[in-house]
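**Student:** So that you have it, the file is model-v9.cif, and it contains mmCIF, N, CA and C atoms and all ligand atoms:
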data_structure
loop_
_atom_site.label_atom_id
_atom_site.label_comp_id
_atom_site.auth_asym_id
_atom_site.auth_seq_id
_atom_site.Cartn_x
_atom_site.Cartn_y
_atom_site.Cartn_z
N MET A 178 4.58 -50.13 -0.64
CA MET A 178 4.19 -48.92 -1.36
C MET A 178 3.22 -48.07 -0.53
N LYS A 179 2.29 -48.71 0.07
CA LYS A 179 1.28 -47.99 0.85
C LYS A 179 1.95 -47.17 1.96
N CYS A 180 2.94 -47.79 2.56
CA CYS A 180 3.64 -47.15 3.66
C CYS A 180 4.32 -45.84 3.21
N ARG A 181 4.94 -45.86 2.05
CA ARG A 181 5.66 -44.66 1.56
C ARG A 181 4.68 -43.52 1.26
N HIS A 182 3.49 -43.86 0.78
CA HIS A 182 2.48 -42.82 0.50
C HIS A 182 2.09 -42.07 1.77
N VAL A 183 1.94 -42.82 2.83
CA VAL A 183 1.53 -42.22 4.11
C VAL A 183 2.60 -41.24 4.58
N ILE A 184 3.85 -41.63 4.47
CA ILE A 184 4.95 -40.76 4.91
C ILE A 184 4.96 -39.46 4.09
N ALA A 185 4.77 -39.60 2.76
CA ALA A 185 4.76 -38.40 1.91
C ALA A 185 3.65 -37.46 2.33
N GLY A 186 2.50 -38.01 2.70
CA GLY A 186 1.37 -37.19 3.13
C GLY A 186 1.69 -36.42 4.39
N ILE A 187 2.34 -37.05 5.32
CA ILE A 187 2.68 -36.39 6.58
C ILE A 187 3.66 -35.24 6.35
N VAL A 188 4.64 -35.46 5.48
CA VAL A 188 5.64 -34.42 5.20
C VAL A 188 4.97 -33.20 4.57
N LEU A 189 4.06 -33.45 3.62
CA LEU A 189 3.38 -32.34 2.93
C LEU A 189 2.56 -31.52 3.93
N THR A 190 1.86 -32.21 4.83
CA THR A 190 1.05 -31.52 5.83
C THR A 190 1.94 -30.64 6.71
N ALA A 191 3.11 -31.17 7.05
CA ALA A 191 4.01 -30.41 7.93
C ALA A 191 4.50 -29.14 7.23
N ILE A 192 4.78 -29.21 5.93
CA ILE A 192 5.26 -28.05 5.17
C ILE A 192 4.15 -27.00 5.09
N LEU A 193 2.93 -27.42 4.75
CA LEU A 193 1.81 -26.48 4.64
C LEU A 193 1.51 -25.85 5.99
N GLY A 194 1.56 -26.66 7.02
CA GLY A 194 1.27 -26.17 8.37
C GLY A 194 2.25 -25.09 8.79
N ALA A 195 3.51 -25.24 8.38
CA ALA A 195 4.53 -24.26 8.76
C ALA A 195 4.37 -22.96 7.97
N ALA A 196 3.86 -23.06 6.75
CA ALA A 196 3.77 -21.88 5.89
C ALA A 196 2.56 -21.01 6.23
N LEU A 197 1.50 -21.62 6.74
CA LEU A 197 0.25 -20.88 6.93
C LEU A 197 0.28 -19.80 8.02
N PRO A 198 0.84 -20.05 9.20
CA PRO A 198 0.70 -19.07 10.28
C PRO A 198 1.20 -17.67 9.92
N ALA A 199 2.25 -17.55 9.11
CA ALA A 199 2.81 -16.23 8.79
C ALA A 199 1.78 -15.34 8.10
N SER A 200 1.08 -15.86 7.09
CA SER A 200 0.11 -15.03 6.38
C SER A 200 -1.13 -14.79 7.24
N ALA A 201 -1.47 -15.77 8.06
CA ALA A 201 -2.63 -15.61 8.94
C ALA A 201 -2.37 -14.50 9.95
N ALA A 202 -1.13 -14.39 10.42
CA ALA A 202 -0.79 -13.35 11.41
C ALA A 202 -0.92 -11.97 10.79
N ALA A 203 -0.49 -11.80 9.55
CA ALA A 203 -0.60 -10.51 8.88
C ALA A 203 -2.06 -10.09 8.75
N ASP A 204 -2.93 -11.04 8.49
CA ASP A 204 -4.37 -10.78 8.40
C ASP A 204 -4.91 -10.25 9.72
N GLU A 205 -4.52 -10.90 10.80
CA GLU A 205 -5.08 -10.55 12.10
C GLU A 205 -4.67 -9.15 12.52
N ILE A 206 -3.40 -8.78 12.28
CA ILE A 206 -2.90 -7.46 12.68
C ILE A 206 -3.71 -6.36 11.99
N ALA A 207 -4.02 -6.56 10.73
CA ALA A 207 -4.64 -5.51 9.94
C ALA A 207 -6.16 -5.61 9.91
N ALA A 208 -6.72 -6.59 10.58
CA ALA A 208 -8.16 -6.86 10.47
C ALA A 208 -9.05 -5.64 10.71
N PRO A 209 -8.84 -4.82 11.76
CA PRO A 209 -9.78 -3.71 12.00
C PRO A 209 -9.85 -2.72 10.85
N SER A 210 -8.71 -2.26 10.32
CA SER A 210 -8.74 -1.25 9.27
C SER A 210 -9.11 -1.87 7.93
N ALA A 211 -8.94 -3.16 7.78
CA ALA A 211 -9.25 -3.82 6.52
C ALA A 211 -10.75 -4.06 6.37
N ALA A 212 -11.47 -4.09 7.48
CA ALA A 212 -12.87 -4.48 7.46
C ALA A 212 -13.70 -3.60 6.53
N ALA A 213 -13.53 -2.29 6.63
CA ALA A 213 -14.34 -1.36 5.82
C ALA A 213 -14.06 -1.56 4.34
N ALA A 214 -12.79 -1.64 3.97
CA ALA A 214 -12.44 -1.78 2.56
C ALA A 214 -12.82 -3.15 2.03
N ALA A 215 -12.70 -4.16 2.89
CA ALA A 215 -12.99 -5.52 2.45
C ALA A 215 -14.47 -5.67 2.09
N SER A 216 -15.32 -4.86 2.71
CA SER A 216 -16.75 -4.99 2.44
C SER A 216 -17.08 -4.54 1.02
N GLN A 217 -16.17 -3.74 0.39
CA GLN A 217 -16.40 -3.28 -0.98
C GLN A 217 -16.07 -4.39 -1.98
N ALA A 218 -15.17 -5.26 -1.62
CA ALA A 218 -14.74 -6.32 -2.52
C ALA A 218 -15.22 -7.66 -1.98
N ASP A 219 -15.28 -8.63 -2.86
CA ASP A 219 -15.73 -9.95 -2.45
C ASP A 219 -14.66 -10.68 -1.65
N GLU A 220 -13.40 -10.49 -2.05
CA GLU A 220 -12.33 -11.22 -1.40
C GLU A 220 -11.75 -10.41 -0.24
N PRO A 221 -11.38 -11.09 0.85
CA PRO A 221 -10.75 -10.37 1.95
C PRO A 221 -9.35 -9.91 1.54
N LEU A 222 -8.94 -8.76 2.06
CA LEU A 222 -7.62 -8.22 1.72
C LEU A 222 -6.59 -8.74 2.69
N THR A 223 -5.42 -9.06 2.17
CA THR A 223 -4.30 -9.41 3.03
C THR A 223 -3.39 -8.20 3.11
N LEU A 224 -3.25 -7.66 4.32
CA LEU A 224 -2.47 -6.44 4.50
C LEU A 224 -1.16 -6.75 5.20
N ILE A 225 -0.08 -6.26 4.65
CA ILE A 225 1.25 -6.46 5.23
C ILE A 225 1.71 -5.12 5.80
N PRO A 226 1.88 -5.02 7.12
CA PRO A 226 2.29 -3.74 7.70
C PRO A 226 3.70 -3.35 7.25
N LEU A 227 3.85 -2.11 6.76
CA LEU A 227 5.16 -1.62 6.32
C LEU A 227 5.78 -0.68 7.34
N GLY A 228 5.01 -0.35 8.39
CA GLY A 228 5.52 0.55 9.42
C GLY A 228 4.91 1.94 9.29
N VAL A 229 5.43 2.84 10.11
CA VAL A 229 4.92 4.21 10.13
C VAL A 229 5.69 5.06 9.13
N PHE A 230 4.94 5.77 8.27
CA PHE A 230 5.52 6.65 7.27
C PHE A 230 5.09 8.08 7.58
N THR A 231 5.90 9.04 7.13
CA THR A 231 5.48 10.44 7.14
C THR A 231 4.68 10.66 5.86
N THR A 232 3.46 11.19 5.99
CA THR A 232 2.66 11.48 4.81
C THR A 232 2.50 12.99 4.67
N THR A 233 2.62 13.45 3.42
CA THR A 233 2.37 14.86 3.10
C THR A 233 1.41 14.89 1.92
N GLY A 234 0.98 16.08 1.52
CA GLY A 234 0.04 16.18 0.41
C GLY A 234 0.64 17.01 -0.73
N TYR A 235 0.21 16.72 -1.96
CA TYR A 235 0.60 17.54 -3.12
C TYR A 235 -0.56 17.60 -4.09
N CYS A 236 -0.46 18.50 -5.05
CA CYS A 236 -1.56 18.71 -6.01
C CYS A 236 -0.97 19.02 -7.38
N PRO A 237 -1.81 19.22 -8.41
CA PRO A 237 -1.25 19.45 -9.76
C PRO A 237 -0.67 20.86 -9.97
N CYS A 238 -0.72 21.72 -8.96
CA CYS A 238 -0.30 23.12 -9.18
C CYS A 238 1.20 23.22 -9.48
N GLY A 239 1.58 24.36 -10.01
CA GLY A 239 2.97 24.57 -10.40
C GLY A 239 3.93 24.46 -9.23
N SER A 240 3.49 24.89 -8.06
CA SER A 240 4.39 24.85 -6.91
C SER A 240 4.60 23.42 -6.41
N CYS A 241 3.59 22.54 -6.56
CA CYS A 241 3.73 21.14 -6.12
C CYS A 241 4.32 20.26 -7.22
N SER A 242 3.84 20.43 -8.45
CA SER A 242 4.16 19.47 -9.51
C SER A 242 4.89 20.08 -10.70
N GLY A 243 5.29 21.35 -10.58
CA GLY A 243 6.01 21.98 -11.68
C GLY A 243 5.19 21.97 -12.95
N ARG A 244 5.82 21.60 -14.06
CA ARG A 244 5.11 21.60 -15.35
C ARG A 244 4.38 20.29 -15.60
N TRP A 245 4.48 19.35 -14.67
CA TRP A 245 3.91 18.02 -14.90
C TRP A 245 2.40 17.94 -14.69
N GLY A 246 1.86 18.84 -13.85
CA GLY A 246 0.42 18.79 -13.58
C GLY A 246 0.01 17.44 -13.01
N ARG A 247 -1.00 16.81 -13.63
CA ARG A 247 -1.48 15.51 -13.16
C ARG A 247 -0.69 14.33 -13.73
N LEU A 248 0.24 14.61 -14.64
CA LEU A 248 0.98 13.50 -15.25
C LEU A 248 1.99 12.95 -14.25
N THR A 249 1.85 11.68 -13.90
CA THR A 249 2.75 11.06 -12.94
C THR A 249 3.98 10.50 -13.64
N SER A 250 4.95 10.08 -12.86
CA SER A 250 6.19 9.55 -13.43
C SER A 250 5.98 8.19 -14.07
N THR A 251 4.85 7.52 -13.77
CA THR A 251 4.57 6.24 -14.43
C THR A 251 3.71 6.42 -15.68
N GLY A 252 3.29 7.68 -15.96
CA GLY A 252 2.48 7.93 -17.14
C GLY A 252 1.00 7.97 -16.85
N ALA A 253 0.60 7.52 -15.65
CA ALA A 253 -0.82 7.56 -15.27
C ALA A 253 -1.19 9.00 -14.91
N LEU A 254 -2.47 9.34 -15.07
CA LEU A 254 -2.94 10.65 -14.63
C LEU A 254 -3.34 10.54 -13.16
N ALA A 255 -2.80 11.44 -12.35
CA ALA A 255 -3.04 11.38 -10.91
C ALA A 255 -4.50 11.65 -10.58
N ALA A 256 -5.04 10.90 -9.62
CA ALA A 256 -6.42 11.08 -9.16
C ALA A 256 -6.43 11.11 -7.65
N ALA A 257 -7.21 12.06 -7.10
CA ALA A 257 -7.33 12.17 -5.65
C ALA A 257 -7.99 10.91 -5.09
N GLY A 258 -7.54 10.49 -3.92
CA GLY A 258 -8.09 9.29 -3.29
C GLY A 258 -7.56 8.02 -3.93
N HIS A 259 -6.54 8.14 -4.76
CA HIS A 259 -6.01 6.98 -5.49
C HIS A 259 -4.49 7.05 -5.62
N THR A 260 -3.99 8.20 -6.09
CA THR A 260 -2.57 8.31 -6.41
C THR A 260 -1.74 8.74 -5.19
N VAL A 261 -0.64 8.04 -4.98
CA VAL A 261 0.36 8.51 -4.01
C VAL A 261 1.73 8.44 -4.67
N ALA A 262 2.61 9.34 -4.22
CA ALA A 262 4.00 9.33 -4.68
C ALA A 262 4.85 8.67 -3.61
N VAL A 263 5.78 7.83 -4.05
CA VAL A 263 6.61 7.07 -3.12
C VAL A 263 8.08 7.17 -3.54
N ASP A 264 8.94 6.68 -2.68
CA ASP A 264 10.33 6.44 -3.05
C ASP A 264 10.35 5.02 -3.61
N PRO A 265 10.53 4.86 -4.95
CA PRO A 265 10.43 3.52 -5.55
C PRO A 265 11.46 2.53 -5.00
N ARG A 266 12.50 3.03 -4.31
CA ARG A 266 13.45 2.10 -3.69
C ARG A 266 12.85 1.46 -2.44
N VAL A 267 11.81 2.11 -1.89
CA VAL A 267 11.17 1.60 -0.67
C VAL A 267 9.87 0.87 -1.01
N ILE A 268 9.07 1.46 -1.91
CA ILE A 268 7.80 0.87 -2.32
C ILE A 268 7.78 0.82 -3.85
N PRO A 269 7.59 -0.36 -4.43
CA PRO A 269 7.63 -0.45 -5.91
C PRO A 269 6.41 0.21 -6.55
N TYR A 270 6.62 0.76 -7.76
CA TYR A 270 5.51 1.30 -8.53
C TYR A 270 4.45 0.21 -8.73
N GLY A 271 3.20 0.63 -8.68
CA GLY A 271 2.11 -0.32 -8.91
C GLY A 271 1.60 -0.95 -7.63
N ALA A 272 2.35 -0.80 -6.55
CA ALA A 272 1.91 -1.41 -5.28
C ALA A 272 0.63 -0.73 -4.81
N ARG A 273 -0.29 -1.53 -4.30
CA ARG A 273 -1.50 -0.98 -3.70
C ARG A 273 -1.27 -0.89 -2.20
N LEU A 274 -1.63 0.26 -1.65
CA LEU A 274 -1.37 0.53 -0.24
C LEU A 274 -2.65 0.91 0.47
N MET A 275 -2.71 0.62 1.76
CA MET A 275 -3.81 1.09 2.60
C MET A 275 -3.23 2.13 3.54
N ILE A 276 -3.72 3.38 3.40
CA ILE A 276 -3.25 4.47 4.24
C ILE A 276 -4.46 5.16 4.84
N ASN A 277 -4.57 5.19 6.15
CA ASN A 277 -5.72 5.79 6.83
C ASN A 277 -7.04 5.23 6.29
N GLY A 278 -7.07 3.93 5.99
CA GLY A 278 -8.29 3.29 5.54
C GLY A 278 -8.61 3.49 4.06
N VAL A 279 -7.74 4.22 3.34
CA VAL A 279 -7.97 4.45 1.91
C VAL A 279 -7.00 3.59 1.10
N ILE A 280 -7.52 2.96 0.05
CA ILE A 280 -6.66 2.15 -0.82
C ILE A 280 -6.07 3.05 -1.90
N CYS A 281 -4.75 3.11 -1.95
CA CYS A 281 -4.04 3.99 -2.88
C CYS A 281 -3.12 3.14 -3.76
N THR A 282 -2.66 3.75 -4.85
CA THR A 282 -1.71 3.08 -5.73
C THR A 282 -0.44 3.92 -5.82
N ALA A 283 0.70 3.26 -5.65
CA ALA A 283 2.00 3.94 -5.77
C ALA A 283 2.29 4.11 -7.25
N GLU A 284 2.10 5.34 -7.78
CA GLU A 284 2.32 5.52 -9.22
C GLU A 284 3.01 6.83 -9.55
N ASP A 285 3.63 7.44 -8.53
CA ASP A 285 4.34 8.68 -8.80
C ASP A 285 5.54 8.76 -7.86
N ARG A 286 6.43 9.67 -8.16
CA ARG A 286 7.55 9.92 -7.27
C ARG A 286 7.77 11.41 -7.20
N GLY A 287 8.62 11.86 -6.30
CA GLY A 287 8.87 13.29 -6.20
C GLY A 287 10.26 13.52 -5.66
N GLY A 288 10.81 14.69 -6.00
CA GLY A 288 12.17 15.00 -5.57
C GLY A 288 12.33 14.94 -4.07
N GLY A 289 11.28 15.33 -3.34
CA GLY A 289 11.38 15.36 -1.88
C GLY A 289 10.86 14.11 -1.20
N VAL A 290 10.48 13.10 -2.00
CA VAL A 290 9.90 11.89 -1.41
C VAL A 290 10.98 10.82 -1.32
N ARG A 291 11.53 10.67 -0.12
CA ARG A 291 12.61 9.70 0.08
C ARG A 291 12.38 8.88 1.33
N GLY A 292 12.73 7.61 1.21
CA GLY A 292 12.63 6.72 2.37
C GLY A 292 11.18 6.52 2.79
N ASN A 293 10.94 6.51 4.09
CA ASN A 293 9.60 6.25 4.62
C ASN A 293 8.75 7.52 4.59
N HIS A 294 8.52 8.00 3.38
CA HIS A 294 7.74 9.22 3.15
C HIS A 294 6.81 8.96 1.97
N ILE A 295 5.53 9.28 2.14
CA ILE A 295 4.56 9.11 1.06
C ILE A 295 3.86 10.44 0.85
N ASP A 296 3.79 10.88 -0.41
CA ASP A 296 3.12 12.13 -0.77
C ASP A 296 1.76 11.75 -1.36
N ILE A 297 0.70 12.26 -0.76
CA ILE A 297 -0.66 11.89 -1.17
C ILE A 297 -1.23 12.96 -2.09
N PHE A 298 -1.77 12.52 -3.24
CA PHE A 298 -2.27 13.47 -4.23
C PHE A 298 -3.64 14.01 -3.85
N TYR A 299 -3.79 15.34 -3.98
CA TYR A 299 -5.09 15.99 -3.78
C TYR A 299 -5.39 16.84 -5.02
N ASP A 300 -6.68 17.13 -5.24
CA ASP A 300 -7.07 17.94 -6.40
C ASP A 300 -6.66 19.40 -6.25
N THR A 301 -6.67 19.90 -5.02
CA THR A 301 -6.41 21.33 -4.83
C THR A 301 -5.24 21.55 -3.86
N HIS A 302 -4.60 22.70 -4.04
CA HIS A 302 -3.47 23.02 -3.19
C HIS A 302 -3.92 23.22 -1.74
N GLU A 303 -5.13 23.76 -1.57
CA GLU A 303 -5.65 23.98 -0.22
C GLU A 303 -5.74 22.65 0.54
N GLU A 304 -6.27 21.60 -0.12
CA GLU A 304 -6.38 20.29 0.53
C GLU A 304 -5.00 19.72 0.85
N SER A 305 -4.08 19.87 -0.08
CA SER A 305 -2.75 19.31 0.16
C SER A 305 -2.06 20.05 1.31
N ARG A 306 -2.32 21.37 1.38
CA ARG A 306 -1.72 22.17 2.45
C ARG A 306 -2.33 21.77 3.80
N LEU A 307 -3.66 21.55 3.81
CA LEU A 307 -4.33 21.17 5.06
C LEU A 307 -3.84 19.81 5.57
N HIS A 308 -3.43 18.94 4.65
CA HIS A 308 -2.93 17.62 5.06
C HIS A 308 -1.71 17.78 5.97
N GLY A 309 -0.87 18.78 5.66
CA GLY A 309 0.33 18.99 6.45
C GLY A 309 1.24 17.78 6.40
N ALA A 310 1.92 17.52 7.50
CA ALA A 310 2.75 16.31 7.62
C ALA A 310 2.18 15.46 8.74
N GLN A 311 1.80 14.26 8.39
CA GLN A 311 1.18 13.36 9.38
C GLN A 311 1.89 12.01 9.35
N ALA A 312 2.03 11.42 10.53
CA ALA A 312 2.54 10.05 10.59
C ALA A 312 1.36 9.11 10.39
N ALA A 313 1.55 8.08 9.57
CA ALA A 313 0.48 7.11 9.33
C ALA A 313 1.07 5.72 9.17
N GLU A 314 0.31 4.75 9.68
CA GLU A 314 0.66 3.34 9.49
C GLU A 314 0.31 2.98 8.05
N VAL A 315 1.26 2.39 7.35
CA VAL A 315 1.03 2.04 5.94
C VAL A 315 1.05 0.53 5.77
N TYR A 316 0.08 0.02 5.03
CA TYR A 316 -0.01 -1.42 4.78
C TYR A 316 0.09 -1.68 3.28
N LEU A 317 0.82 -2.71 2.94
CA LEU A 317 0.88 -3.18 1.55
C LEU A 317 -0.24 -4.19 1.36
N ILE A 318 -1.04 -4.00 0.31
CA ILE A 318 -2.12 -4.94 0.01
C ILE A 318 -1.54 -6.03 -0.87
N GLN A 319 -1.57 -7.24 -0.36
CA GLN A 319 -1.02 -8.36 -1.11
C GLN A 319 -1.94 -8.67 -2.27
N GLN A 320 -1.38 -8.78 -3.49
CA GLN A 320 -2.21 -9.04 -4.66
C GLN A 320 -1.66 -10.19 -5.48
ZN ZN B 401 -0.13 22.42 -4.96
#
Since I need it in another form, could you write the structure as structure tokens?

**Tutor:**
Amino acid sequence: MKCRHVIAGIVLTAILGAALPASAAADEIAAPSAAAAASQADEPLTLIPLGVFTTTGYCPCGSCSGRWGRLTSTGALAAAGHTVAVDPRVIPYGARLMINGVICTAEDRGGGVRGNHIDIFYDTHEESRLHGAQAAEVYLIQQ
């Protein structure tokens, strides 16, 4: 009996050992940009790189959001520094993302937001216009 216990222990260690490096690698890649945000929270963030996305800006004005104003497609009220619009086929609603060091939540969509494109919410049209179109590395925050 004792012998069989030892073998089971070795197998378990081998499985855990194989599973760990993948998540550890994701941590290391994102470590520099995660440091600032991680200091706000007690737990370290695990960031999964999603690649480079085109980011644009939008606001509650009629030209950006039509009659919807701040009302997002998920029912949440859009807030600057928090809300981004995504293509839900690429990024699921509710996902927390790190974009340019800011933690955002995917809670809106837009007619022009398709594929690797994220629309970032701003309070004013001037700010959204100044954002222009920028390429940014996007990370999924594992939760
Ligand atoms: Zn606008």

**Student:** Any idea what the distance is between atom C of Pro221 of chain A and atom N of Asp300 of chain A?

**Tutor:** 28.0 Å

**Student:** Please, which residues have at least one atom within 6 Å of an atom of ligand ZN 401 (chain B), using all atoms listed in the file, listed as a PDB file with N, CA and C atoms, in the coordinates of the input?

**Tutor:**
ATOM      1  N   TYR A 235       0.210  16.720  -1.960  1.00  0.00           N
ATOM      2  CA  TYR A 235       0.600  17.540  -3.120  1.00  0.00           C
ATOM      3  C   TYR A 235      -0.560  17.600  -4.090  1.00  0.00           C
ATOM      4  N   CYS A 236      -0.460  18.500  -5.050  1.00  0.00           N
ATOM      5  CA  CYS A 236      -1.560  18.710  -6.010  1.00  0.00           C
ATOM      6  C   CYS A 236      -0.970  19.020  -7.380  1.00  0.00           C
ATOM      7  N   PRO A 237      -1.810  19.220  -8.410  1.00  0.00           N
ATOM      8  CA  PRO A 237      -1.250  19.450  -9.760  1.00  0.00           C
ATOM      9  C   PRO A 237      -0.670  20.860  -9.970  1.00  0.00           C
ATOM     10  N   CYS A 238      -0.720  21.720  -8.960  1.00  0.00           N
ATOM     11  CA  CYS A 238      -0.300  23.120  -9.180  1.00  0.00           C
ATOM     12  C   CYS A 238       1.200  23.220  -9.480  1.00  0.00           C
ATOM     13  N   GLY A 239       1.580  24.360 -10.010  1.00  0.00           N
ATOM     14  CA  GLY A 239       2.970  24.570 -10.400  1.00  0.00           C
ATOM     15  C   GLY A 239       3.930  24.460  -9.230  1.00  0.00           C
ATOM     16  N   SER A 240       3.490  24.890  -8.060  1.00  0.00           N
ATOM     17  CA  SER A 240       4.390  24.850  -6.910  1.00  0.00           C
ATOM     18  C   SER A 240       4.600  23.420  -6.410  1.00  0.00           C
ATOM     19  N   CYS A 241       3.590  22.540  -6.560  1.00  0.00           N
ATOM     20  CA  CYS A 241       3.730  21.140  -6.120  1.00  0.00           C
ATOM     21  C   CYS A 241       4.320  20.260  -7.220  1.00  0.00           C
ATOM     22  N   SER A 242       3.840  20.430  -8.450  1.00  0.00           N
ATOM     23  CA  SER A 242       4.160  19.470  -9.510  1.00  0.00           C
ATOM     24  C   SER A 242       4.890  20.080 -10.700  1.00  0.00           C
ATOM     25  N   THR A 301      -6.670  19.900  -5.020  1.00  0.00           N
ATOM     26  CA  THR A 301      -6.410  21.330  -4.830  1.00  0.00           C
ATOM     27  C   THR A 301      -5.240  21.550  -3.860  1.00  0.00           C
ATOM     28  N   HIS A 302      -4.600  22.700  -4.040  1.00  0.00           N
ATOM     29  CA  HIS A 302      -3.470  23.020  -3.190  1.00  0.00           C
ATOM     30  C   HIS A 302      -3.920  23.220  -1.740  1.00  0.00           C
TER      31      HIS A 302
END

**Student:** Can you work out the spacing between atom CA of Val315 of chain A and atom CA of Arg244 of chain A in Å, to one decimal?

**Tutor:** 29.2 Å

**Student:** List every residue of segment 214-288 of chain A that DSSP, applied to the backbone of this structure, places in strand (DSSP E or B), and write the result as a ChimeraX atom specification.

**Tutor:** /A:223-235,248,254,260-262,273-276,279-285

**Student:** Given the choices A:Glu303, A:Asp296, A:Glu314, A:Glu220, which gets closest to Ala255 of chain A if the distance is worked out from only C-alpha atoms?

**Tutor:**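 Using only C-alpha atoms, the shortest distance to Ala255 of chain A belongs to A:Asp296.
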
**Student:** For Tyr270 of chain A, please output as number ranges by chain all residues within 8 Å (counting all atoms listed in the file; exclusion window: fewer than 3 positions along the same chain).

**Tutor:** A: 251, 263-267, 273, 282-285

**Student:** For atom N of Glu304 of chain A and atom C of Ala256 of chain A, determine how far apart the two atoms are, in Å to one decimal place.

**Tutor:**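 About the pair atom N of Glu304 of chain A and atom C of Ala256 of chain A: they are 12.9 Å apart.
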
**Student:** So which one's closest to Gly243 of chain A, A:Gly258, A:Gly278, A:Gly287, A:Gly292? Using only C-alpha atoms, please.

**Tutor:** A:Gly287

**Student:** Of the candidates A:Gly271, A:Gly252, A:Gly288, A:Gly234, which one gets nearest to Gly309 of chain A if we count only C-alpha atoms?

**Tutor:**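 Nearest candidate to Gly309 of chain A out of A:Gly271, A:Gly252, A:Gly288, A:Gly234: A:Gly234.
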
**Student:** Which is closer to Val229 of chain A than all the others in A:Leu274, A:Asn293, A:Arg306, A:Gln319, using only N, CA and C atoms?

**Tutor:** A:Asn293

**Student:** With only C-alpha atoms as the basis for distance, which of A:Cys281, A:Leu224, A:Arg286, A:Ile318 is at the shortest distance from Ala257 of chain A?

**Tutor:**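 Distance minimum relative to Ala257 of chain A lands on A:Cys281.
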